[in-house]
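Data block for my_file-v8.pdb (PDB, C-alpha atoms):
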ATOM      1  CA  MET A  26     108.162  73.140 131.500
ATOM      2  CA  PHE A  27     108.089  76.403 133.498
ATOM      3  CA  VAL A  28     104.994  77.276 135.485
ATOM      4  CA  ALA A  29     104.443  80.773 136.864
ATOM      5  CA  TRP A  30     101.744  82.358 139.018
ATOM      6  CA  ASN A  31      99.399  84.662 137.095
ATOM      7  CA  PRO A  32      97.832  87.013 139.654
ATOM      8  CA  LYS A  33      95.237  88.289 137.165
ATOM      9  CA  ALA A  34      93.953  84.848 136.320
ATOM     10  CA  GLY A  35      94.366  83.685 139.913
ATOM     11  CA  LYS A  36      96.089  80.522 138.742
ATOM     12  CA  THR A  37      99.397  79.137 137.589
ATOM     13  CA  VAL A  38     100.105  79.201 133.871
ATOM     14  CA  VAL A  39     102.635  77.473 131.686
ATOM     15  CA  ALA A  40     105.014  79.992 130.151
ATOM     16  CA  PRO A  41     104.847  79.326 126.401
ATOM     17  CA  GLY A  42     107.751  77.767 124.595
ATOM     18  CA  ILE A  43     109.714  76.969 127.720
ATOM     19  CA  GLY A  44     110.764  73.344 127.750
ATOM     20  CA  VAL A  45     113.154  71.778 130.242
ATOM     21  CA  ALA A  46     116.250  72.227 128.044
ATOM     22  CA  ARG A  47     115.294  75.784 127.110
ATOM     23  CA  LYS A  48     114.532  76.735 130.712
ATOM     24  CA  ALA A  49     118.050  75.788 131.710
ATOM     25  CA  ARG A  50     119.449  78.302 129.180
ATOM     26  CA  LEU A  51     117.217  81.223 130.195
ATOM     27  CA  SER A  52     117.867  83.719 132.932
ATOM     28  CA  ALA A  53     115.210  84.416 135.529
ATOM     29  CA  SER A  54     114.581  87.830 133.984
ATOM     30  CA  ALA A  55     114.020  86.294 130.529
ATOM     31  CA  ILE A  56     111.526  83.820 131.963
ATOM     32  CA  LYS A  57     109.781  86.657 133.829
ATOM     33  CA  GLU A  58     109.616  88.733 130.640
ATOM     34  CA  GLU A  59     108.060  85.894 128.657
ATOM     35  CA  THR A  60     105.509  85.364 131.425
ATOM     36  CA  ILE A  61     104.597  89.085 131.450
ATOM     37  CA  LEU A  62     104.161  89.096 127.671
ATOM     38  CA  SER A  63     102.006  85.961 127.880
ATOM     39  CA  VAL A  64      99.783  87.586 130.517
ATOM     40  CA  MET A  65      99.453  90.644 128.280
ATOM     41  CA  LEU A  66      98.271  88.399 125.442
ATOM     42  CA  GLU A  67      95.643  86.846 127.737
ATOM     43  CA  ASP A  68      94.426  90.332 128.689
ATOM     44  CA  ILE A  69      94.281  91.381 125.027
ATOM     45  CA  GLU A  70      92.176  88.339 124.149
ATOM     46  CA  ARG A  71      89.740  89.087 126.991
ATOM     47  CA  LEU A  72      89.609  92.751 125.959
ATOM     48  CA  GLN A  73      88.750  91.693 122.392
ATOM     49  CA  GLU A  74      85.854  89.585 123.715
ATOM     50  CA  LEU A  75      84.527  92.378 125.922
ATOM     51  CA  SER A  76      84.867  95.119 123.298
ATOM     52  CA  ALA A  77      82.942  92.996 120.776
ATOM     53  CA  LYS A  78      80.231  92.390 123.380
ATOM     54  CA  HIS A  79      80.055  96.020 124.590
ATOM     55  CA  PRO A  80      80.754  98.382 121.664
ATOM     56  CA  GLU A  81      78.592 100.960 123.444
ATOM     57  CA  ALA A  82      81.389 101.389 126.002
ATOM     58  CA  ILE A  83      83.958 102.507 123.415
ATOM     59  CA  GLY A  84      84.276 105.829 121.650
ATOM     60  CA  PRO A  85      85.244 109.446 122.295
ATOM     61  CA  ILE A  86      81.975 110.248 124.099
ATOM     62  CA  GLN A  87      81.218 106.767 125.439
ATOM     63  CA  GLY A  88      84.695 106.390 126.917
ATOM     64  CA  ARG A  89      84.382 109.675 128.802
ATOM     65  CA  LEU A  90      80.850 108.836 129.964
ATOM     66  CA  GLY A  91      82.129 105.490 131.188
ATOM     67  CA  ALA A  92      84.705 107.303 133.316
ATOM     68  CA  VAL A  93      81.979 109.533 134.801
ATOM     69  CA  ARG A  94      79.712 106.524 135.426
ATOM     70  CA  ALA A  95      82.601 104.687 137.095
ATOM     71  CA  LYS A  96      82.940 107.527 139.617
ATOM     72  CA  THR A  97      79.215 108.038 140.183
ATOM     73  CA  VAL A  98      76.701 105.256 139.587
ATOM     74  CA  GLY A  99      79.083 102.579 138.327
ATOM     75  CA  ASN A 100      79.324 100.623 135.098
ATOM     76  CA  PRO A 101      78.082  97.102 134.429
ATOM     77  CA  PRO A 102      80.672  94.524 135.591
ATOM     78  CA  GLU A 103      81.880  93.598 132.092
ATOM     79  CA  VAL A 104      82.268  97.264 131.092
ATOM     80  CA  THR A 105      84.240  97.838 134.297
ATOM     81  CA  GLU A 106      86.458  94.886 133.363
ATOM     82  CA  LEU A 107      86.859  96.235 129.806
ATOM     83  CA  ARG A 108      88.011  99.622 131.150
ATOM     84  CA  ARG A 109      90.310  97.981 133.719
ATOM     85  CA  LEU A 110      91.949  95.761 131.102
ATOM     86  CA  ALA A 111      92.500  98.658 128.679
ATOM     87  CA  PHE A 112      94.161 100.803 131.337
ATOM     88  CA  ASN A 113      96.023  97.806 132.745
ATOM     89  CA  LEU A 114      97.693  97.167 129.365
ATOM     90  CA  SER A 115      99.220 100.644 129.543
ATOM     91  CA  ASP A 116     100.397  99.944 133.075
ATOM     92  CA  GLN A 117     101.873  96.553 132.133
ATOM     93  CA  LEU A 118     103.690  98.135 129.223
ATOM     94  CA  LEU A 119     105.117 100.843 131.472
ATOM     95  CA  ARG A 120     106.235  98.253 134.035
ATOM     96  CA  ALA A 121     107.842  96.186 131.297
ATOM     97  CA  ARG A 122     109.720  99.309 130.171
ATOM     98  CA  SER A 123     110.818 100.318 133.676
ATOM     99  CA  GLY A 124     112.061  96.782 134.264
ATOM    100  CA  ALA A 125     114.151  97.146 131.081
ATOM    101  CA  GLN A 126     112.333  94.202 129.545
ATOM    102  CA  ILE A 127     111.687  96.212 126.408
ATOM    103  CA  ASN A 128     113.896  98.885 124.924
ATOM    104  CA  GLU A 129     112.974 102.544 124.531
ATOM    105  CA  GLN A 130     112.158 102.316 120.810
ATOM    106  CA  GLU A 131     109.963  99.279 121.332
ATOM    107  CA  TYR A 132     108.171 101.015 124.227
ATOM    108  CA  ALA A 133     107.448 104.155 122.168
ATOM    109  CA  ARG A 134     106.078 102.076 119.301
ATOM    110  CA  LEU A 135     103.917  99.892 121.543
ATOM    111  CA  ALA A 136     102.616 102.829 123.605
ATOM    112  CA  ARG A 137     101.061 104.299 120.455
ATOM    113  CA  LEU A 138      99.212 101.028 119.882
ATOM    114  CA  VAL A 139      97.596 100.633 123.320
ATOM    115  CA  PRO A 140      93.830 101.122 122.874
ATOM    116  CA  GLN A 141      91.850 103.366 125.246
ATOM    117  CA  PRO A 142      88.061 103.299 125.807
ATOM    118  CA  SER A 143      87.879 106.900 124.541
ATOM    119  CA  ASP A 144      89.317 105.933 121.129
ATOM    120  CA  PRO A 145      86.783 105.767 118.275
ATOM    121  CA  GLU A 146      85.478 102.196 118.014
ATOM    122  CA  ILE A 147      87.295 101.425 114.737
ATOM    123  CA  ASP A 148      90.563 102.843 116.111
ATOM    124  CA  PHE A 149      90.131 100.830 119.314
ATOM    125  CA  ALA A 150      89.759  97.574 117.364
ATOM    126  CA  THR A 151      92.644  98.412 115.027
ATOM    127  CA  LYS A 152      94.969  99.408 117.865
ATOM    128  CA  LEU A 153      94.038  96.303 119.847
ATOM    129  CA  LYS A 154      94.829  94.007 116.914
ATOM    130  CA  SER A 155      98.096  95.824 116.158
ATOM    131  CA  PHE A 156      99.091  95.708 119.835
ATOM    132  CA  GLN A 157      98.322  91.993 119.972
ATOM    133  CA  ASP A 158     100.385  91.360 116.830
ATOM    134  CA  GLU A 159     103.333  93.291 118.274
ATOM    135  CA  ILE A 160     103.220  91.492 121.628
ATOM    136  CA  GLN A 161     103.023  88.141 119.819
ATOM    137  CA  ARG A 162     105.956  89.135 117.594
ATOM    138  CA  THR A 163     107.979  90.294 120.615
ATOM    139  CA  LEU A 164     107.218  87.062 122.466
ATOM    140  CA  ALA A 165     108.150  85.013 119.384
ATOM    141  CA  LYS A 166     111.486  86.842 119.170
ATOM    142  CA  ARG A 167     112.159  86.146 122.852
ATOM    143  CA  THR A 168     111.318  82.473 122.509
ATOM    144  CA  GLY A 169     113.285  82.029 119.300
ATOM    145  CA  GLN A 170     110.171  81.344 117.219
ATOM    146  CA  ALA A 171     110.219  84.628 115.333
ATOM    147  CA  ASN A 172     109.962  85.297 111.695
ATOM    148  CA  GLU A 173     112.567  88.071 111.699
ATOM    149  CA  GLY A 174     110.517  90.426 109.528
ATOM    150  CA  PRO A 175     109.927  94.115 110.274
ATOM    151  CA  SER A 176     107.621  95.291 113.067
ATOM    152  CA  VAL A 177     104.909  97.955 112.862
ATOM    153  CA  GLY A 178     106.582 101.353 113.167
ATOM    154  CA  ASP A 179     110.034 100.184 112.065
ATOM    155  CA  SER A 180     111.670 102.769 109.831
ATOM    156  CA  LYS A 181     114.417 102.643 107.253
ATOM    157  CA  GLN A 182     116.140 104.935 104.800
ATOM    158  CA  HIS A 183     116.213 104.072 101.113
ATOM    159  CA  MET A 184     117.564 106.323  98.377
ATOM    160  CA  GLY A 185     117.245 109.438 100.544
ATOM    161  CA  SER A 186     113.639 108.772 101.624
ATOM    162  CA  GLU A 187     112.341 107.472 104.927
ATOM    163  CA  TYR A 188     109.934 104.542 104.968
ATOM    164  CA  VAL A 189     107.854 103.230 107.901
ATOM    165  CA  PHE A 190     106.465  99.700 108.079
ATOM    166  CA  ASP A 191     102.668  99.759 108.691
ATOM    167  CA  GLY A 192     102.293  96.047 109.376
ATOM    168  CA  SER A 193     101.940  94.935 105.781
ATOM    169  CA  GLN A 194     104.108  97.230 103.682
ATOM    170  CA  TRP A 195     106.738  99.969 103.788
ATOM    171  CA  VAL A 196     105.141 103.415 103.432
ATOM    172  CA  LYS A 197     107.139 106.406 102.210
ATOM    173  CA  GLN A 198     106.998 109.313 104.673
TER     174      GLN A 198
END
For this file, produce the structure as structure tokens.
Amino acid sequence: MFVAWNPKAGKTVVAPGIGVARKARLSASAIKEETILSVMLEDIERLQELSAKHPEAIGPIQGRLGAVRAKTVGNPPEVTELRRLAFNLSDQLLRARSGAQINEQEYARLARLVPQPSDPEIDFATKLKSFQDEIQRTLAKRTGQANEGPSVGDSKQHMGSEYVFDGSQWVKQ
């Protein structure tokens, strides 16, 4: 079993799916990538909890007001954490891309799914769920536990038309 330090949680965590035999086959960069993806999943779960508890902090106006409050009088601690986690997911995704842990196509697709506090509440929740599904799917592929189906945003050509997978079906463009 592989244990890695999670600076966000302030504790060591077990990287999922890494047994002794599997660890021996993985490179250090592959283990690091799986750990980063696992930390992202933890952050997504916490963000889901906070966004359900503080819907007043999410939305086109609320998100902008939260930014103003953060620079002036401050937000409540959980709203501050919600904002930090949302922006941190973008940063983690960018770092994963710059470290070549995800390819360019995957980065572009995932970047569109990262929720921001200024997104309308329904869009925030939808993006968060889609982002979580994609990170879980990516982690499953890396750990060999994947159902090799299409990912959100995958496209294909069929009989001269382009189709994009929306998470449940192929949609003609």
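Atom pair CA of Ser63 in chain A / CA of Ala82 in chain A: separated by 25.8 Å.
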| Output check: residues returned by the PyMOL selection byres ((chain A and resi 104) around 12), as a VMD selection string | chain A and resid 71 to 72 74 to 83 87 to 88 90 to 92 94 to 95 99 to 103 105 to 111 142
| query | To one decimal place, how far is CA of Ala136 in chain A from CA of Ile86 in chain A in Å? | reply |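 It comes out at 21.9 Å.
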| said: Which residue is closest to Lys181 in chain A? Choose from A:Leu135, A:Val196, A:Ile147, A:Ala53 and count only C-alpha atoms. | reply: A:Val196
| message | If I take CA of Pro175 in chain A and CA of Asp148 in chain A, how far is one from the other in Å, to one decimal? | response |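 Atom-to-atom, CA of Pro175 in chain A to CA of Asp148 in chain A, that is 22.0 Å.
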| task | Counting all atoms listed in the file, figure out which residue out of A:Val189, A:Ala55, A:Ile61, A:Leu153 gets nearest to Val177 in chain A. | result | A:Val189
